[in-house]
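Data block for target32.cif (mmCIF, N, CA and C atoms and all ligand atoms):
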```
data_data
loop_
_atom_site.label_atom_id
_atom_site.label_comp_id
_atom_site.auth_asym_id
_atom_site.auth_seq_id
_atom_site.Cartn_x
_atom_site.Cartn_y
_atom_site.Cartn_z
N MET A 139 -2.91 20.61 -7.54
CA MET A 139 -2.80 20.13 -6.14
C MET A 139 -1.33 19.82 -5.82
N ASP A 140 -0.95 20.20 -4.63
CA ASP A 140 0.44 20.02 -4.25
C ASP A 140 0.66 18.63 -3.65
N CYS A 141 0.53 17.61 -4.51
CA CYS A 141 0.66 16.23 -4.02
C CYS A 141 1.78 15.56 -4.80
N ILE A 142 2.77 15.05 -4.09
CA ILE A 142 3.95 14.48 -4.75
C ILE A 142 3.58 13.30 -5.65
N PHE A 143 2.60 12.49 -5.23
CA PHE A 143 2.25 11.32 -6.06
C PHE A 143 1.41 11.73 -7.27
N CYS A 144 0.58 12.77 -7.13
CA CYS A 144 -0.12 13.31 -8.32
C CYS A 144 0.91 13.83 -9.31
N LYS A 145 1.96 14.47 -8.80
CA LYS A 145 3.01 15.00 -9.68
C LYS A 145 3.76 13.86 -10.38
N ILE A 146 3.93 12.75 -9.68
CA ILE A 146 4.58 11.58 -10.31
C ILE A 146 3.70 11.07 -11.45
N ILE A 147 2.39 10.97 -11.20
CA ILE A 147 1.46 10.50 -12.26
C ILE A 147 1.52 11.44 -13.47
N GLN A 148 1.58 12.75 -13.20
CA GLN A 148 1.63 13.75 -14.30
C GLN A 148 2.98 13.78 -14.99
N GLY A 149 3.99 13.12 -14.42
CA GLY A 149 5.33 13.15 -15.01
C GLY A 149 6.12 14.38 -14.62
N GLU A 150 5.60 15.17 -13.66
CA GLU A 150 6.31 16.38 -13.23
C GLU A 150 7.47 16.04 -12.30
N ILE A 151 7.36 14.88 -11.64
CA ILE A 151 8.46 14.35 -10.81
C ILE A 151 8.80 12.98 -11.38
N PRO A 152 10.10 12.71 -11.58
CA PRO A 152 10.46 11.43 -12.20
C PRO A 152 10.17 10.24 -11.29
N SER A 153 9.89 9.11 -11.91
CA SER A 153 9.71 7.87 -11.14
C SER A 153 10.12 6.71 -12.01
N VAL A 154 10.35 5.57 -11.37
CA VAL A 154 10.65 4.34 -12.10
C VAL A 154 9.34 3.57 -12.19
N LYS A 155 8.66 3.76 -13.32
CA LYS A 155 7.32 3.19 -13.48
C LYS A 155 7.40 1.71 -13.83
N VAL A 156 6.49 0.91 -13.26
CA VAL A 156 6.43 -0.49 -13.66
C VAL A 156 5.11 -0.84 -14.34
N TYR A 157 4.06 -0.04 -14.08
CA TYR A 157 2.74 -0.36 -14.66
C TYR A 157 1.85 0.87 -14.60
N GLU A 158 0.97 0.99 -15.61
CA GLU A 158 -0.11 1.98 -15.50
C GLU A 158 -1.28 1.54 -16.35
N ASP A 159 -2.48 1.90 -15.93
CA ASP A 159 -3.67 1.76 -16.76
C ASP A 159 -4.54 2.99 -16.53
N ASP A 160 -5.81 2.93 -16.92
CA ASP A 160 -6.63 4.14 -16.83
C ASP A 160 -6.94 4.54 -15.39
N LYS A 161 -6.80 3.62 -14.44
CA LYS A 161 -7.16 3.94 -13.05
C LYS A 161 -5.98 3.91 -12.06
N VAL A 162 -4.90 3.24 -12.47
CA VAL A 162 -3.84 2.89 -11.51
C VAL A 162 -2.47 3.21 -12.08
N PHE A 163 -1.53 3.55 -11.18
CA PHE A 163 -0.14 3.80 -11.55
C PHE A 163 0.73 3.06 -10.53
N ALA A 164 1.80 2.41 -10.98
CA ALA A 164 2.68 1.68 -10.06
C ALA A 164 4.13 2.02 -10.37
N PHE A 165 4.90 2.26 -9.32
CA PHE A 165 6.30 2.68 -9.49
C PHE A 165 7.13 2.20 -8.30
N MET A 166 8.45 2.27 -8.48
CA MET A 166 9.35 1.75 -7.45
C MET A 166 9.50 2.76 -6.31
N ASP A 167 9.45 2.25 -5.07
CA ASP A 167 9.70 3.09 -3.90
C ASP A 167 11.17 3.51 -3.89
N ILE A 168 11.42 4.81 -3.67
CA ILE A 168 12.83 5.27 -3.69
C ILE A 168 13.57 5.00 -2.38
N ASN A 169 12.86 4.56 -1.36
CA ASN A 169 13.53 4.12 -0.12
C ASN A 169 13.12 2.67 0.15
N PRO A 170 13.56 1.76 -0.71
CA PRO A 170 13.01 0.40 -0.64
C PRO A 170 13.39 -0.34 0.64
N LEU A 171 12.38 -1.02 1.20
CA LEU A 171 12.65 -1.87 2.36
C LEU A 171 13.33 -3.15 1.90
N SER A 172 13.07 -3.53 0.65
CA SER A 172 13.75 -4.70 0.06
C SER A 172 13.77 -4.50 -1.44
N SER A 173 14.56 -5.30 -2.14
CA SER A 173 14.66 -5.18 -3.60
C SER A 173 13.30 -5.47 -4.23
N GLY A 174 12.83 -4.56 -5.07
CA GLY A 174 11.55 -4.75 -5.74
C GLY A 174 10.38 -4.06 -5.06
N HIS A 175 10.64 -3.36 -3.95
CA HIS A 175 9.58 -2.64 -3.20
C HIS A 175 8.87 -1.68 -4.16
N THR A 176 7.58 -1.91 -4.34
CA THR A 176 6.78 -1.20 -5.34
C THR A 176 5.59 -0.52 -4.68
N LEU A 177 5.18 0.63 -5.22
CA LEU A 177 3.99 1.34 -4.73
C LEU A 177 2.92 1.35 -5.81
N VAL A 178 1.69 1.09 -5.40
CA VAL A 178 0.56 1.12 -6.33
C VAL A 178 -0.39 2.21 -5.86
N ILE A 179 -0.76 3.12 -6.77
CA ILE A 179 -1.61 4.27 -6.39
C ILE A 179 -2.75 4.45 -7.38
N PRO A 180 -3.87 5.02 -6.90
CA PRO A 180 -4.94 5.37 -7.84
C PRO A 180 -4.56 6.66 -8.58
N ARG A 181 -4.96 6.76 -9.86
CA ARG A 181 -4.71 8.00 -10.62
C ARG A 181 -5.47 9.18 -10.03
N THR A 182 -6.70 8.91 -9.59
CA THR A 182 -7.51 9.98 -8.99
C THR A 182 -7.08 10.17 -7.55
N HIS A 183 -6.75 11.40 -7.20
CA HIS A 183 -6.25 11.66 -5.85
C HIS A 183 -7.27 11.26 -4.80
N ALA A 184 -6.84 10.45 -3.86
CA ALA A 184 -7.64 10.12 -2.67
C ALA A 184 -6.61 9.95 -1.56
N GLU A 185 -6.89 10.59 -0.44
CA GLU A 185 -5.87 10.60 0.61
C GLU A 185 -5.68 9.23 1.26
N ASN A 186 -6.79 8.52 1.42
CA ASN A 186 -6.69 7.29 2.22
C ASN A 186 -7.86 6.36 1.91
N ILE A 187 -7.96 5.27 2.65
CA ILE A 187 -8.98 4.23 2.42
C ILE A 187 -10.39 4.78 2.64
N PHE A 188 -10.49 5.83 3.45
CA PHE A 188 -11.81 6.40 3.73
C PHE A 188 -12.32 7.26 2.57
N GLU A 189 -11.39 7.79 1.78
CA GLU A 189 -11.76 8.71 0.70
C GLU A 189 -11.87 8.06 -0.66
N ILE A 190 -11.15 6.97 -0.87
CA ILE A 190 -11.08 6.40 -2.22
C ILE A 190 -12.44 5.80 -2.61
N SER A 191 -12.78 5.91 -3.91
CA SER A 191 -14.04 5.32 -4.38
C SER A 191 -13.89 3.80 -4.42
N GLU A 192 -15.03 3.11 -4.37
CA GLU A 192 -14.99 1.64 -4.44
C GLU A 192 -14.38 1.18 -5.75
N GLN A 193 -14.70 1.90 -6.84
CA GLN A 193 -14.16 1.51 -8.16
C GLN A 193 -12.65 1.62 -8.19
N ASP A 194 -12.13 2.73 -7.66
CA ASP A 194 -10.67 2.89 -7.64
C ASP A 194 -10.02 1.89 -6.68
N ALA A 195 -10.68 1.64 -5.56
CA ALA A 195 -10.12 0.66 -4.60
C ALA A 195 -10.05 -0.72 -5.26
N THR A 196 -11.08 -1.05 -6.02
CA THR A 196 -11.10 -2.34 -6.72
C THR A 196 -9.96 -2.41 -7.74
N ALA A 197 -9.80 -1.30 -8.49
CA ALA A 197 -8.74 -1.27 -9.51
C ALA A 197 -7.37 -1.39 -8.86
N VAL A 198 -7.19 -0.72 -7.71
CA VAL A 198 -5.89 -0.77 -7.02
C VAL A 198 -5.61 -2.20 -6.55
N ILE A 199 -6.59 -2.85 -5.94
CA ILE A 199 -6.31 -4.18 -5.39
C ILE A 199 -6.10 -5.20 -6.50
N LYS A 200 -6.80 -5.01 -7.63
CA LYS A 200 -6.56 -5.89 -8.79
C LYS A 200 -5.12 -5.75 -9.28
N ALA A 201 -4.67 -4.49 -9.37
CA ALA A 201 -3.29 -4.24 -9.82
C ALA A 201 -2.29 -4.80 -8.81
N VAL A 202 -2.62 -4.67 -7.52
CA VAL A 202 -1.72 -5.21 -6.47
C VAL A 202 -1.58 -6.72 -6.64
N LYS A 203 -2.69 -7.37 -6.91
CA LYS A 203 -2.62 -8.84 -7.10
C LYS A 203 -1.77 -9.20 -8.32
N MET A 204 -2.02 -8.51 -9.42
CA MET A 204 -1.30 -8.80 -10.66
C MET A 204 0.20 -8.51 -10.49
N LEU A 205 0.50 -7.36 -9.88
CA LEU A 205 1.90 -6.98 -9.70
C LEU A 205 2.61 -7.87 -8.69
N SER A 206 1.90 -8.31 -7.66
CA SER A 206 2.53 -9.18 -6.66
C SER A 206 3.05 -10.46 -7.32
N THR A 207 2.25 -10.99 -8.24
CA THR A 207 2.66 -12.21 -8.95
C THR A 207 3.91 -11.93 -9.80
N ALA A 208 3.89 -10.79 -10.52
CA ALA A 208 5.03 -10.44 -11.37
C ALA A 208 6.28 -10.18 -10.52
N ILE A 209 6.08 -9.50 -9.39
CA ILE A 209 7.22 -9.17 -8.52
C ILE A 209 7.80 -10.44 -7.92
N LYS A 210 6.93 -11.33 -7.43
CA LYS A 210 7.41 -12.57 -6.81
C LYS A 210 8.24 -13.37 -7.82
N LYS A 211 7.74 -13.45 -9.06
CA LYS A 211 8.48 -14.20 -10.10
C LYS A 211 9.74 -13.46 -10.52
N GLY A 212 9.56 -12.15 -10.82
CA GLY A 212 10.67 -11.38 -11.39
C GLY A 212 11.82 -11.19 -10.42
N ILE A 213 11.48 -10.98 -9.15
CA ILE A 213 12.51 -10.73 -8.14
C ILE A 213 12.89 -12.03 -7.45
N GLN A 214 12.12 -13.09 -7.74
CA GLN A 214 12.33 -14.41 -7.10
C GLN A 214 12.24 -14.30 -5.58
N ALA A 215 11.15 -13.67 -5.13
CA ALA A 215 10.93 -13.52 -3.69
C ALA A 215 10.30 -14.80 -3.13
N ASP A 216 10.54 -15.03 -1.84
CA ASP A 216 9.90 -16.18 -1.17
C ASP A 216 8.48 -15.82 -0.74
N GLY A 217 8.25 -14.53 -0.50
CA GLY A 217 6.93 -14.08 -0.04
C GLY A 217 6.78 -12.60 -0.31
N ILE A 218 5.60 -12.07 0.00
CA ILE A 218 5.30 -10.66 -0.27
C ILE A 218 4.52 -10.10 0.93
N ASN A 219 4.92 -8.95 1.43
CA ASN A 219 4.07 -8.20 2.38
C ASN A 219 3.35 -7.11 1.61
N ILE A 220 2.05 -6.96 1.91
CA ILE A 220 1.27 -5.87 1.34
C ILE A 220 0.89 -4.96 2.50
N LEU A 221 1.23 -3.69 2.36
CA LEU A 221 1.10 -2.76 3.48
C LEU A 221 0.46 -1.47 2.98
N GLN A 222 -0.47 -0.95 3.75
CA GLN A 222 -1.14 0.29 3.32
C GLN A 222 -1.51 1.07 4.57
N LEU A 223 -1.00 2.29 4.69
CA LEU A 223 -1.14 3.08 5.91
C LEU A 223 -2.16 4.19 5.72
N ASN A 224 -2.98 4.42 6.74
CA ASN A 224 -4.01 5.47 6.66
C ASN A 224 -3.92 6.40 7.85
N GLY A 225 -3.48 7.61 7.57
CA GLY A 225 -3.43 8.62 8.63
C GLY A 225 -2.08 8.66 9.32
N LYS A 226 -1.79 9.84 9.89
CA LYS A 226 -0.51 10.06 10.58
C LYS A 226 -0.31 9.04 11.69
N ALA A 227 -1.40 8.75 12.43
CA ALA A 227 -1.29 7.82 13.56
C ALA A 227 -0.84 6.44 13.10
N ALA A 228 -1.16 6.12 11.84
CA ALA A 228 -0.78 4.82 11.29
C ALA A 228 0.57 4.88 10.58
N GLY A 229 1.19 6.07 10.59
CA GLY A 229 2.52 6.22 9.98
C GLY A 229 2.50 6.67 8.54
N GLN A 230 1.32 7.06 8.02
CA GLN A 230 1.27 7.49 6.62
C GLN A 230 2.03 8.80 6.45
N LEU A 231 2.95 8.82 5.51
CA LEU A 231 3.75 10.02 5.25
C LEU A 231 3.23 10.79 4.04
N VAL A 232 2.89 10.07 2.97
CA VAL A 232 2.43 10.73 1.75
C VAL A 232 0.90 10.63 1.68
N PRO A 233 0.20 11.78 1.68
CA PRO A 233 -1.26 11.75 1.75
C PRO A 233 -1.95 11.52 0.40
N HIS A 234 -1.50 10.52 -0.32
CA HIS A 234 -2.18 10.02 -1.53
C HIS A 234 -2.12 8.50 -1.37
N LEU A 235 -3.27 7.87 -1.28
CA LEU A 235 -3.31 6.44 -0.95
C LEU A 235 -2.31 5.64 -1.79
N HIS A 236 -1.57 4.78 -1.12
CA HIS A 236 -0.62 3.91 -1.83
C HIS A 236 -0.51 2.58 -1.10
N VAL A 237 -0.37 1.54 -1.90
CA VAL A 237 -0.17 0.20 -1.36
C VAL A 237 1.28 -0.19 -1.60
N HIS A 238 1.95 -0.57 -0.51
CA HIS A 238 3.33 -1.06 -0.63
C HIS A 238 3.29 -2.55 -0.96
N ILE A 239 4.06 -2.94 -1.96
CA ILE A 239 4.29 -4.38 -2.20
C ILE A 239 5.76 -4.62 -1.88
N ILE A 240 5.99 -5.42 -0.84
CA ILE A 240 7.34 -5.57 -0.30
C ILE A 240 7.79 -7.03 -0.41
N PRO A 241 8.72 -7.32 -1.32
CA PRO A 241 9.21 -8.69 -1.44
C PRO A 241 9.96 -9.14 -0.17
N ARG A 242 9.81 -10.40 0.16
CA ARG A 242 10.44 -10.94 1.37
C ARG A 242 11.14 -12.26 1.05
N TRP A 243 12.18 -12.54 1.82
CA TRP A 243 12.91 -13.79 1.71
C TRP A 243 13.01 -14.43 3.08
N ILE A 244 13.04 -15.74 3.11
CA ILE A 244 13.23 -16.46 4.37
C ILE A 244 14.52 -15.93 5.01
N GLY A 245 14.42 -15.54 6.27
CA GLY A 245 15.62 -15.10 7.00
C GLY A 245 16.13 -13.73 6.59
N ASP A 246 15.27 -12.90 5.94
CA ASP A 246 15.78 -11.58 5.49
C ASP A 246 15.92 -10.58 6.65
N GLY A 247 15.41 -10.93 7.82
CA GLY A 247 15.62 -10.07 8.99
C GLY A 247 14.70 -8.87 9.08
N ILE A 248 13.81 -8.70 8.10
CA ILE A 248 12.85 -7.58 8.15
C ILE A 248 11.77 -7.93 9.18
N THR A 249 11.47 -6.94 10.04
CA THR A 249 10.62 -7.27 11.20
C THR A 249 9.18 -6.77 11.08
N ILE A 250 8.80 -6.18 9.94
CA ILE A 250 7.46 -5.57 9.89
C ILE A 250 6.31 -6.56 10.05
N SER A 251 6.57 -7.83 9.77
CA SER A 251 5.44 -8.77 9.79
C SER A 251 5.20 -9.38 11.16
N HIS A 252 6.00 -9.04 12.15
CA HIS A 252 5.78 -9.59 13.48
C HIS A 252 5.82 -8.52 14.54
N TRP A 253 4.81 -8.54 15.37
CA TRP A 253 4.75 -7.62 16.50
C TRP A 253 4.73 -8.45 17.77
N PRO A 254 5.08 -7.83 18.93
CA PRO A 254 5.10 -8.62 20.16
C PRO A 254 3.69 -9.16 20.44
N MET A 255 3.52 -10.46 20.33
CA MET A 255 2.17 -11.04 20.50
C MET A 255 1.87 -11.25 21.98
N LYS A 256 0.73 -10.74 22.36
CA LYS A 256 0.31 -10.82 23.75
C LYS A 256 -1.18 -11.16 23.73
N ALA A 257 -1.57 -12.15 24.50
CA ALA A 257 -2.99 -12.52 24.49
C ALA A 257 -3.84 -11.33 24.88
N GLY A 258 -4.93 -11.13 24.14
CA GLY A 258 -5.81 -10.00 24.40
C GLY A 258 -6.83 -10.32 25.49
N ASP A 259 -7.47 -9.25 25.95
CA ASP A 259 -8.55 -9.38 26.93
C ASP A 259 -9.83 -9.68 26.13
N MET A 260 -10.41 -10.86 26.32
CA MET A 260 -11.54 -11.29 25.49
C MET A 260 -12.74 -10.35 25.61
N LYS A 261 -12.90 -9.72 26.80
CA LYS A 261 -14.01 -8.77 26.97
C LYS A 261 -13.80 -7.54 26.07
N GLU A 262 -12.55 -7.07 26.04
CA GLU A 262 -12.23 -5.90 25.20
C GLU A 262 -12.38 -6.27 23.72
N ILE A 263 -11.93 -7.48 23.36
CA ILE A 263 -12.01 -7.93 21.95
C ILE A 263 -13.46 -7.99 21.51
N ALA A 264 -14.30 -8.59 22.33
CA ALA A 264 -15.72 -8.72 21.98
C ALA A 264 -16.40 -7.35 21.95
N GLY A 265 -16.01 -6.48 22.89
CA GLY A 265 -16.59 -5.12 22.93
C GLY A 265 -16.24 -4.34 21.68
N ALA A 266 -14.99 -4.47 21.22
CA ALA A 266 -14.56 -3.78 20.00
C ALA A 266 -15.35 -4.30 18.81
N ALA A 267 -15.57 -5.62 18.75
CA ALA A 267 -16.34 -6.22 17.65
C ALA A 267 -17.76 -5.66 17.63
N GLU A 268 -18.36 -5.50 18.80
CA GLU A 268 -19.72 -4.94 18.87
C GLU A 268 -19.76 -3.51 18.35
N LYS A 269 -18.75 -2.70 18.71
CA LYS A 269 -18.70 -1.30 18.24
C LYS A 269 -18.56 -1.25 16.72
N ILE A 270 -17.78 -2.18 16.17
CA ILE A 270 -17.58 -2.21 14.71
C ILE A 270 -18.88 -2.62 14.04
N LYS A 271 -19.51 -3.68 14.55
CA LYS A 271 -20.74 -4.20 13.92
C LYS A 271 -21.85 -3.15 13.95
N ALA A 272 -21.85 -2.32 14.99
CA ALA A 272 -22.89 -1.29 15.11
C ALA A 272 -22.78 -0.25 13.98
N GLU A 273 -21.59 -0.16 13.36
CA GLU A 273 -21.38 0.82 12.27
C GLU A 273 -21.64 0.24 10.90
N LEU A 274 -21.90 -1.08 10.82
CA LEU A 274 -22.05 -1.71 9.49
C LEU A 274 -23.47 -1.57 8.96
P1 LIG B 1 3.99 5.92 3.78
O1 LIG B 1 3.20 7.16 3.46
O2 LIG B 1 4.56 5.95 5.16
O3 LIG B 1 3.24 4.65 3.50
O4 LIG B 1 5.26 5.88 2.85
C1 LIG B 1 5.48 6.71 1.76
C2 LIG B 1 6.45 5.99 0.85
O5 LIG B 1 6.60 6.77 -0.32
C3 LIG B 1 7.83 5.78 1.45
O6 LIG B 1 8.13 4.39 1.42
C4 LIG B 1 8.73 6.60 0.55
O7 LIG B 1 9.98 6.00 0.35
C5 LIG B 1 7.94 6.67 -0.73
N1 LIG B 1 8.24 7.82 -1.56
C6 LIG B 1 8.20 9.12 -1.19
N2 LIG B 1 8.53 9.92 -2.23
C7 LIG B 1 8.75 9.09 -3.29
C8 LIG B 1 9.13 9.31 -4.65
N3 LIG B 1 9.34 10.53 -5.12
N4 LIG B 1 9.29 8.23 -5.45
C9 LIG B 1 9.10 6.99 -4.95
N5 LIG B 1 8.72 6.71 -3.68
C10 LIG B 1 8.56 7.75 -2.85
ZN ZN B 2 -2.31 13.00 -5.06
#
```
Represent the structure from my file as structure tokens, please.
Amino acid sequence: MDCIFCKIIQGEIPSVKVYEDDKVFAFMDINPLSSGHTLVIPRTHAENIFEISEQDATAVIKAVKMLSTAIKKGIQADGINILQLNGKAAGQLVPHLHVHIIPRWIGDGITISHWPMKAGDMKEIAGAAEKIKAEL
């Protein structure tokens, strides 16, 4: 399969690995938003949250939790953003599910955690909730 992250797992493309187990692989992002920016991926190719198995999703989130603690301590971050994009509309560039772990510091000027907050229309909010609940 012509997937850059599968190739990283296979060792066909070099990476700076920080962790691996039977289900998960973690390596440093080569375009880091901050020092310590790490990516966590499932070994089994899955494009996004809709495709990944529950077992692999569980393994990925467990690794994200474990690595977040190590990154916060090791990099001495004040906080951590966890980011995961699904689909082109959401800005996903690499079609192999990956979770970004992004270390943050007070006053670091990174703006990803804040969007222009505007009070929503309560009718629209409740309507969206009904559409979601109908699918559960
Ligand atoms: P996105 O799909 O938008 O969540 O982001 C893909 C991420 O993968 C970006 O942050 C890239 O910097 C990162 N990336 C792409 N190629 C590599 C690579 N060969 N090694 C490490 N990180 C990569
Ligand atoms: Zn892949």
Counting only C-alpha atoms and all ligand atoms, what are the residues, protein, DNA or RNA alike, that approach ligand LIG 1 (chain B) to within 10 Å? I want them as number ranges by chain.
A: 142-143, 145-146, 151-155, 164-171, 175-177, 186, 221-226, 228-238
Just to confirm, what's the straight-line distance from CA of Leu274 in chain A to CA of Val178 in chain A in Å (one decimal)?
27.7 Å
Atom pair atom C of Gly174 in chain A / atom N of Ile209 in chain A: separation (Å):
8.2 Å
Within 10 Å of range 189-200 of chain A using only C-alpha atoms, minus same-chain residues under 2 positions, as a list in words
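My reading of the contact set: Asp159, Asp160, Lys161, Val162, Phe163, Ala164, Val178, Ile179, Pro180, Arg181, Thr182, His183, Ala184, Glu185, Asn186, Ile187, Val202, Lys203, Met204, Leu205, Ser206, His234, Leu235, His236 and Val237 of chain A.
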Atom N of Lys211 in chain A to CA of Arg242 in chain A, distance in Å rounded to a single decimal
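So the two atoms, atom N of Lys211 in chain A and CA of Arg242 in chain A, lie 11.1 Å apart.
Between ligand ZN 2 (chain B) and the residues A:Ala208, A:Ala267, A:Cys141, A:Ala257, the shortest atom-to-atom distance, using only N, CA and C atoms and all ligand atoms, involves A:Cys141.
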For the structure I just gave you, how does DSSP split chain A - specifically, which residues are alpha helix (DSSP H)? Reply as a PyMOL selection string.
chain A and resi 142-148+192-213+260-272
For a quick check of understanding, using only C-alpha atoms, which of A:Ala201, A:Ile240, A:Gly258, A:Ile248 has the smallest distance to Ile218 in chain A?
A:Ile240
Padded axis-aligned box of range 202-206 of chain A (5 Å per side), centre and edge lengths, Å, one decimal, as lines of an AutoDock Vina configuration file:
```
center_x = 0.2
center_y = -7.6
center_z = -8.6
size_x = 15.7
size_y = 15.8
size_z = 14.2
```
Just list the residues in range 148-265 of chain A DSSP gives strand (DSSP E) on the backbone, as an MDAnalysis selection string.
chainID A and resid 155:158 162:166 176:180 217:221 237:242
Would you mind telling me which residue in A:Met139, A:Ser172, A:Ala264, A:Asn219 lies nearest to ligand ZN 2 (chain B) when using only N, CA and C atoms and all ligand atoms?
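Closest candidate: A:Met139.
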